[in-house]
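work16.cif (mmCIF, C-alpha atoms) appears below.
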```cif
data_data
#
loop_
_atom_site.label_atom_id
_atom_site.label_comp_id
_atom_site.auth_asym_id
_atom_site.auth_seq_id
_atom_site.Cartn_x
_atom_site.Cartn_y
_atom_site.Cartn_z
CA MET A 539 -10.92 10.45 17.14
CA ALA A 540 -9.76 12.37 14.07
CA ARG A 541 -6.71 10.97 12.31
CA ILE A 542 -5.56 14.39 11.09
CA ASP A 543 -6.34 18.01 11.89
CA PHE A 544 -6.20 21.45 10.30
CA ASP A 545 -3.34 22.80 12.45
CA THR A 546 -1.07 19.83 11.75
CA LEU A 547 -1.57 20.24 8.00
CA LEU A 548 -1.04 23.98 8.25
CA SER A 549 2.26 23.64 10.13
CA ALA A 550 3.42 21.08 7.54
CA GLY A 551 2.77 23.52 4.69
CA ALA A 552 0.16 21.27 3.10
CA HIS A 553 -1.85 24.34 2.02
CA PHE A 554 0.73 25.68 -0.43
CA GLY A 555 -0.24 24.95 -4.03
CA HIS A 556 1.54 25.88 -7.25
CA LEU A 557 1.72 29.18 -9.09
CA LYS A 558 -1.63 30.33 -10.42
CA ARG A 559 -0.40 30.11 -14.02
CA LYS A 560 0.41 26.40 -13.53
CA TRP A 561 -2.91 25.38 -12.03
CA ASN A 562 -5.29 22.77 -13.34
CA PRO A 563 -8.84 24.22 -13.46
CA ALA A 564 -10.25 20.86 -12.33
CA MET A 565 -8.70 21.56 -8.91
CA ALA A 566 -10.84 24.71 -8.44
CA PRO A 567 -13.18 23.07 -5.85
CA TYR A 568 -10.20 22.45 -3.56
CA ILE A 569 -8.63 25.92 -3.78
CA PHE A 570 -9.37 28.39 -0.98
CA MET A 571 -7.73 31.52 -2.38
CA GLU A 572 -4.78 33.00 -4.23
CA ARG A 573 -1.95 34.78 -2.44
CA ASN A 574 1.04 36.39 -4.14
CA GLY A 575 0.34 34.45 -7.31
CA ILE A 576 0.20 31.09 -5.48
CA HIS A 577 -2.94 29.04 -4.95
CA ILE A 578 -3.81 28.16 -1.35
CA ILE A 579 -5.48 24.79 -0.80
CA ASP A 580 -8.57 24.58 1.41
CA LEU A 581 -7.28 22.51 4.31
CA HIS A 582 -10.76 21.89 5.68
CA LYS A 583 -11.41 19.87 2.54
CA THR A 584 -8.00 18.20 2.91
CA VAL A 585 -8.97 17.03 6.41
CA ALA A 586 -12.32 15.68 5.21
CA LYS A 587 -10.84 13.96 2.15
CA THR A 588 -7.98 12.43 4.17
CA GLU A 589 -10.45 10.99 6.69
CA LEU A 590 -12.57 9.55 3.87
CA ALA A 591 -9.55 7.98 2.17
CA ALA A 592 -8.16 6.66 5.44
CA GLU A 593 -11.42 4.90 6.31
CA ALA A 594 -11.61 3.30 2.86
CA LEU A 595 -7.99 2.12 3.09
CA LYS A 596 -8.67 0.71 6.55
CA GLN A 597 -11.49 -1.45 5.17
CA ILE A 598 -9.29 -2.69 2.33
CA ALA A 599 -6.55 -3.67 4.80
CA LYS A 600 -9.11 -5.24 7.13
CA SER A 601 -10.26 -7.52 4.32
CA GLY A 602 -6.69 -8.76 3.92
CA LYS A 603 -6.05 -7.07 0.58
CA ARG A 604 -2.90 -5.28 -0.58
CA ILE A 605 -2.34 -1.58 -1.24
CA LEU A 606 0.51 -0.53 -3.53
CA PHE A 607 2.22 2.78 -2.68
CA VAL A 608 3.80 4.72 -5.55
CA ALA A 609 6.13 7.71 -5.19
CA THR A 610 9.25 8.14 -7.29
CA LYS A 611 9.87 11.83 -6.59
CA LYS A 612 12.87 12.62 -4.39
CA GLN A 613 10.93 14.46 -1.68
CA ALA A 614 8.55 11.57 -1.02
CA LYS A 615 10.27 8.27 -1.89
CA ASP A 616 12.06 7.66 1.42
CA ILE A 617 9.01 8.58 3.48
CA VAL A 618 6.75 6.32 1.41
CA ALA A 619 9.19 3.42 1.71
CA GLU A 620 9.36 3.82 5.49
CA LYS A 621 5.59 4.10 6.00
CA ALA A 622 4.71 1.29 3.58
CA GLN A 623 7.24 -1.06 5.18
CA ALA A 624 5.81 -0.26 8.62
CA VAL A 625 2.38 -1.60 7.60
CA GLY A 626 3.75 -4.42 5.44
CA MET A 627 2.55 -3.04 2.12
CA PRO A 628 4.40 -3.12 -1.25
CA TYR A 629 5.73 0.07 -2.77
CA VAL A 630 7.48 1.51 -5.84
CA ILE A 631 9.94 4.34 -5.27
CA GLU A 632 12.24 3.86 -8.25
CA ARG A 633 11.20 4.13 -11.89
CA TRP A 634 7.70 2.78 -12.49
CA PRO A 635 8.07 -0.43 -14.56
CA GLY A 636 5.81 0.14 -17.57
CA GLY A 637 3.08 -2.50 -17.67
CA MET A 638 3.56 -3.40 -14.05
CA LEU A 639 -0.20 -3.70 -13.59
CA THR A 640 -1.44 -4.28 -17.13
CA ASN A 641 1.29 -6.87 -17.81
CA PHE A 642 1.63 -8.20 -14.27
CA PRO A 643 2.65 -11.79 -15.20
CA THR A 644 5.82 -10.48 -16.87
CA ILE A 645 6.73 -8.54 -13.72
CA ARG A 646 6.20 -11.68 -11.64
CA LYS A 647 8.59 -13.56 -13.93
CA ALA A 648 11.26 -10.93 -13.26
CA VAL A 649 10.70 -11.30 -9.51
CA LYS A 650 11.00 -15.09 -9.81
CA LYS A 651 14.24 -14.62 -11.74
CA MET A 652 15.60 -12.71 -8.75
CA SER A 653 14.55 -15.55 -6.43
CA ASN A 654 16.19 -18.13 -8.71
CA ILE A 655 19.47 -16.19 -8.64
CA ASP A 656 19.33 -16.21 -4.83
CA LYS A 657 18.80 -19.99 -4.77
CA LEU A 658 21.70 -20.65 -7.15
CA LEU A 659 23.95 -18.36 -5.13
CA ALA A 660 22.99 -20.18 -1.94
CA ASP A 661 23.63 -23.70 -3.26
CA GLY A 662 27.02 -22.79 -4.73
CA THR A 663 26.07 -23.23 -8.40
CA TYR A 664 27.64 -19.92 -9.38
CA GLU A 665 30.96 -20.77 -7.70
CA LYS A 666 31.89 -22.73 -10.81
CA LEU A 667 31.58 -19.62 -12.98
CA SER A 668 34.34 -17.14 -13.70
CA LYS A 669 34.71 -13.92 -11.69
CA ARG A 670 33.44 -11.91 -14.63
CA GLU A 671 30.30 -14.01 -14.98
CA ASN A 672 29.69 -13.82 -11.23
CA LEU A 673 30.04 -10.06 -11.32
CA GLN A 674 27.50 -9.80 -14.14
CA ILE A 675 25.04 -11.94 -12.22
CA GLN A 676 25.48 -9.87 -9.06
CA ARG A 677 24.90 -6.65 -11.00
CA LYS A 678 21.77 -8.12 -12.54
CA ARG A 679 20.57 -9.19 -9.10
CA ALA A 680 21.23 -5.72 -7.67
CA LYS A 681 19.27 -4.07 -10.49
CA LEU A 682 16.31 -6.40 -9.98
CA GLU A 683 16.41 -5.77 -6.23
CA LYS A 684 16.45 -2.00 -6.72
CA ASN A 685 13.47 -1.99 -9.08
CA LEU A 686 11.41 -4.95 -7.86
CA GLY A 687 12.63 -5.87 -4.39
CA SER A 688 9.89 -3.84 -2.69
CA ILE A 689 7.15 -5.76 -4.54
CA ALA A 690 8.68 -9.24 -4.23
CA ASP A 691 5.79 -10.45 -2.05
CA LEU A 692 3.08 -8.95 -4.29
CA THR A 693 1.83 -12.20 -5.81
CA ARG A 694 -1.36 -10.74 -7.30
CA LEU A 695 -2.63 -7.38 -8.47
CA PRO A 696 -3.08 -4.86 -5.65
CA SER A 697 -6.60 -3.89 -4.58
CA ALA A 698 -5.70 -0.18 -4.49
CA LEU A 699 -2.96 2.31 -5.36
CA PHE A 700 -1.81 5.18 -3.16
CA VAL A 701 0.03 7.75 -5.27
CA VAL A 702 2.05 10.84 -4.43
CA ASP A 703 2.02 13.30 -7.37
CA VAL A 704 -0.41 11.98 -9.97
CA THR A 705 1.19 14.04 -12.72
CA LYS A 706 4.58 12.38 -12.28
CA GLU A 707 3.00 8.94 -11.80
CA HIS A 708 0.49 9.30 -14.65
CA ILE A 709 1.45 5.92 -16.16
CA ALA A 710 0.69 4.12 -12.90
CA VAL A 711 -2.64 5.97 -12.60
CA ALA A 712 -3.55 5.14 -16.22
CA GLU A 713 -2.81 1.43 -15.70
CA ALA A 714 -4.88 1.34 -12.51
CA ASN A 715 -7.78 3.13 -14.24
CA ARG A 716 -7.63 0.66 -17.11
CA LEU A 717 -7.92 -2.29 -14.71
CA GLY A 718 -10.51 -0.69 -12.45
CA ILE A 719 -8.16 -0.52 -9.47
CA PRO A 720 -9.16 2.38 -7.17
CA VAL A 721 -6.58 5.16 -6.87
CA PHE A 722 -5.95 7.16 -3.71
CA ALA A 723 -3.67 10.15 -4.20
CA ILE A 724 -2.21 13.35 -2.83
CA VAL A 725 -3.16 15.82 -5.57
CA ASP A 726 -1.60 19.28 -5.91
CA THR A 727 -3.13 22.28 -7.69
CA ASN A 728 -1.23 21.58 -10.93
CA SER A 729 -2.68 18.07 -11.33
CA ASN A 730 -5.85 16.55 -12.76
CA PRO A 731 -8.04 14.97 -10.05
CA ASN A 732 -10.61 13.53 -12.45
CA ASP A 733 -8.93 10.11 -12.77
CA ILE A 734 -8.51 9.74 -9.00
CA ASP A 735 -11.10 7.88 -6.93
CA PHE A 736 -10.03 9.34 -3.58
CA VAL A 737 -8.50 12.82 -3.94
CA ILE A 738 -6.48 14.27 -1.05
CA PRO A 739 -5.82 17.91 -2.04
CA ALA A 740 -2.44 18.93 -0.61
CA ASN A 741 1.10 20.05 -1.34
CA ASP A 742 2.86 17.02 -2.85
CA ASP A 743 6.28 18.72 -3.03
CA SER A 744 6.75 19.12 0.72
CA SER A 745 8.14 16.09 2.53
CA LYS A 746 6.44 17.24 5.76
CA SER A 747 3.08 17.52 4.02
CA VAL A 748 3.44 14.04 2.53
CA GLU A 749 4.56 12.58 5.86
CA VAL A 750 1.61 14.03 7.79
CA ILE A 751 -0.91 12.57 5.34
CA LEU A 752 0.88 9.22 5.18
CA ASN A 753 0.87 9.03 8.98
CA ALA A 754 -2.91 9.34 8.89
CA VAL A 755 -3.60 6.83 6.12
CA CYS A 756 -1.00 4.29 7.27
CA GLY A 757 -2.32 4.57 10.80
CA ALA A 758 -5.75 3.65 9.43
CA ILE A 759 -4.28 0.75 7.47
CA GLN A 760 -2.63 -0.56 10.64
CA GLU A 761 -5.98 -0.31 12.43
CA GLY A 762 -7.53 -2.46 9.71
CA ILE A 763 -4.74 -5.04 9.96
CA ASP A 764 -5.04 -5.17 13.76
CA GLU A 765 -8.82 -5.55 13.63
CA ARG A 766 -8.48 -8.38 11.12
CA LYS A 767 -6.05 -10.18 13.44
CA ALA A 768 -8.34 -9.64 16.44
CA GLU A 769 -11.35 -11.00 14.55
CA LYS A 770 -9.34 -14.02 13.46
CA VAL A 771 -8.35 -14.74 17.07
CA ASP A 772 -11.99 -14.34 18.18
CA MET A 773 -13.18 -16.69 15.44
CA GLU A 774 -10.60 -19.30 16.42
CA ALA A 775 -11.61 -19.01 20.08
CA ALA A 776 -15.29 -19.26 19.14
CA GLY A 777 -14.53 -22.33 17.03
CA GLU A 778 -12.73 -24.02 19.92
CA LYS A 779 -15.67 -23.29 22.25
CA GLN A 780 -18.08 -24.70 19.68
CA VAL A 781 -16.05 -27.91 19.42
CA GLU A 782 -15.95 -28.22 23.23
CA ALA A 783 -19.70 -27.61 23.48
CA GLU A 784 -20.45 -30.22 20.82
CA ALA A 785 -18.19 -32.71 22.59
CA GLU A 786 -19.97 -32.13 25.91
CA THR A 787 -23.38 -32.50 24.25
CA ALA A 788 -22.29 -35.76 22.61
CA VAL A 789 -21.19 -37.15 25.98
CA GLU A 790 -24.47 -36.17 27.65
CA GLU A 791 -26.58 -37.68 24.89
CA ALA A 792 -24.61 -40.93 24.64
CA PRO A 793 -26.65 -43.96 25.93
CA ALA A 794 -25.47 -45.29 29.28
CA THR A 795 -23.74 -48.68 29.04
CA GLU A 796 -25.44 -51.44 30.98
CA ALA A 797 -23.47 -53.28 33.65
CA PRO A 798 -22.72 -56.93 32.67
CA ALA A 799 -25.17 -59.37 34.23
CA GLU A 800 -23.76 -61.60 36.96
CA ALA A 801 -23.28 -65.17 36.01
CA GLU A 802 -26.15 -67.37 37.31
CA ALA A 803 -25.20 -69.88 40.02
CA GLU A 804 -25.20 -73.41 38.85
#
```

Transcribe the structure of this file into structure tokens.
Amino acid sequence: MARIDFDTLLSAGAHFGHLKRKWNPAMAPYIFMERNGIHIIDLHKTVAKTELAAEALKQIAKSGKRILFVATKKQAKDIVAEKAQAVGMPYVIERWPGGMLTNFPTIRKAVKKMSNIDKLLADGTYEKLSKRENLQIQRKRAKLEKNLGSIADLTRLPSALFVVDVTKEHIAVAEANRLGIPVFAIVDTNSNPNDIDFVIPANDDSSKSVEVILNAVCGAIQEGIDERKAEKVDMEAAGEKQVEAEAETAVEEAPATEAPAEAEAE
């Protein structure tokens, strides 16, 4: 069953590109036509590319790896946060922390600092400080939470990035390219698709367009997670059956114990 269809994309306005004068020539293969000075995206290619990306993301999730979602533009950030949370994946919807991927250990230190503040707040250590000092610590904690709270459980580099608007998130794309991390992205007609491994040509300014595509890819990710869980349960069940079978075989092969000889009469 298809995860997305032409009519759904059409009703979401996913076919509307940017003005012709703002286009990136590298997007020519994905443009169907021009109407009133605006490029129209070929939604048949959007369907095919979304299906391809969704299947690849499903396999990544099935292998137990993490996918980092990135969208800091107003129209997409809330949708991305909701969809990423639903499948238990990390996301960045505030300012992209420069060096987040290429200098990942430093980012992890900042996350640990947030955890340490929480521990000290819980054990009452900060109660001995003045109100002013407490206020400063709380503000620092709030800032860390805003910027890094959504990646607190990302203990290692992600296996893939999913980006909305590659022009706006060019730093994130550049860092991923440098580290060889595959990039999946919704790419509009004004953007360069050449640095993207899995291009989904579509309107990245429409919240409905973004939501429709995210529904498809996150649905695939959830499928991968569910299949991984099912396989784990099957493996555990198979392991238990193997142990039981080996135990039964051991009992059958064990030598029978001889009955003690009766004492001879004197």

Nearest to Cys756 of chain A by atom-to-atom distance, counting all atoms listed in the file, from A:Glu589, A:Glu707, A:Asp735, A:Asp580: A:Glu589

Show me a table, sorted first by chain and then by increasing residue number, of the residues of segment 744-769 of chain A having an atom at most 10 Å from segment 773-787 of chain A, each with its shortest atom pair and the distance in Å to one decimal, counting all atoms listed in the file and written as CSV.
```
residue,atom,partner,partner_atom,distance
A:Lys767,CA,A:Met773,CA,9.9
A:Ala768,CA,A:Met773,CA,8.6
A:Glu769,CA,A:Met773,CA,6.0
```

Starting from the PyMOL selection byres ((chain A and resi 672-685) around 9), expand the selection into actual residues of this file and give them as a PDB file with C-alpha atoms, keeping the file's coordinate frame.
```
ATOM      1  CA  VAL A 630       7.480   1.510  -5.840  1.00  0.00           C
ATOM      2  CA  ILE A 631       9.940   4.340  -5.270  1.00  0.00           C
ATOM      3  CA  GLU A 632      12.240   3.860  -8.250  1.00  0.00           C
ATOM      4  CA  ARG A 633      11.200   4.130 -11.890  1.00  0.00           C
ATOM      5  CA  TRP A 634       7.700   2.780 -12.490  1.00  0.00           C
ATOM      6  CA  PRO A 635       8.070  -0.430 -14.560  1.00  0.00           C
ATOM      7  CA  ALA A 648      11.260 -10.930 -13.260  1.00  0.00           C
ATOM      8  CA  VAL A 649      10.700 -11.300  -9.510  1.00  0.00           C
ATOM      9  CA  LYS A 651      14.240 -14.620 -11.740  1.00  0.00           C
ATOM     10  CA  MET A 652      15.600 -12.710  -8.750  1.00  0.00           C
ATOM     11  CA  ILE A 655      19.470 -16.190  -8.640  1.00  0.00           C
ATOM     12  CA  ASP A 656      19.330 -16.210  -4.830  1.00  0.00           C
ATOM     13  CA  TYR A 664      27.640 -19.920  -9.380  1.00  0.00           C
ATOM     14  CA  GLU A 665      30.960 -20.770  -7.700  1.00  0.00           C
ATOM     15  CA  LEU A 667      31.580 -19.620 -12.980  1.00  0.00           C
ATOM     16  CA  SER A 668      34.340 -17.140 -13.700  1.00  0.00           C
ATOM     17  CA  LYS A 669      34.710 -13.920 -11.690  1.00  0.00           C
ATOM     18  CA  ARG A 670      33.440 -11.910 -14.630  1.00  0.00           C
ATOM     19  CA  GLU A 671      30.300 -14.010 -14.980  1.00  0.00           C
ATOM     20  CA  LEU A 686      11.410  -4.950  -7.860  1.00  0.00           C
ATOM     21  CA  GLY A 687      12.630  -5.870  -4.390  1.00  0.00           C
ATOM     22  CA  SER A 688       9.890  -3.840  -2.690  1.00  0.00           C
ATOM     23  CA  ILE A 689       7.150  -5.760  -4.540  1.00  0.00           C
ATOM     24  CA  ALA A 690       8.680  -9.240  -4.230  1.00  0.00           C
TER      25      ALA A 690
END
```

What do you get, as a ChimeraX atom specification, if you spell out every residue that the PyMOL selection byres ((chain A and resi 703) around 9) selects here? /A:608-611,701-702,704-708,723-726,729,742-743

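For the pair atom CA of Val711 of chain A and atom CA of Leu699 of chain A, the separation is 8.1 Å.
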
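Here atom CA of Glu620 of chain A is placed at a distance of 22.7 Å from atom CA of Leu590 of chain A.
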
Between A:Arg604, A:Lys621, A:Lys650, A:His582, smallest distance to Asp543 of chain A by all atoms listed in the file belongs to A:His582

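With the shown file loaded, the PyMOL selection byres ((chain A and resi 746) around 12) picks out Thr546, Leu547, Leu548, Ser549, Ala550, Gly551, Ala552, His553, Phe554, Gln613, Ala614, Asp616, Ile617, Val618, Ala740, Asn741, Asp742, Asp743, Ser744, Ser745, Ser747, Val748, Glu749, Val750, Ile751, Leu752 and Asn753 of chain A.
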
Taking into account all atoms listed in the file, which residue in the set A:Phe722, A:Ile542, A:Lys603, A:Glu593 is nearest to Val737 of chain A? A:Phe722

One decimal, Å: what's the distance from atom CA of Asp764 of chain A over to atom CA of Val625 of chain A, could you say?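 Interatomic distance here is 10.3 Å.
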
Between A:Val585, A:Met571, A:Ile605, A:Ile579, which one has atoms that come closest to Asp545 of chain A, using all atoms listed in the file?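 Between A:Val585, A:Met571, A:Ile605, A:Ile579, the residue approaching Asp545 of chain A most closely is A:Val585.
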
Can you pull out the residues contacting segment 558-564 of chain A? Cut-off 6 Å, using only C-alpha atoms, and skip same-chain residues under 5 positions away; I want them as a list of chain:residue names. A:Gly575, A:Ile576, A:His577, A:Thr727, A:Asn728, A:Ser729

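Distance check against Ala540 of chain A using all atoms listed in the file: of A:Asn574, A:Gly718, A:Ala754, A:Glu761, the minimum falls on A:Ala754.
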
From the options A:Gly762, A:Gly626, A:Pro731, A:Gly637, which residue's atoms come nearest to Leu692 of chain A, counting all atoms listed in the file? A:Gly626
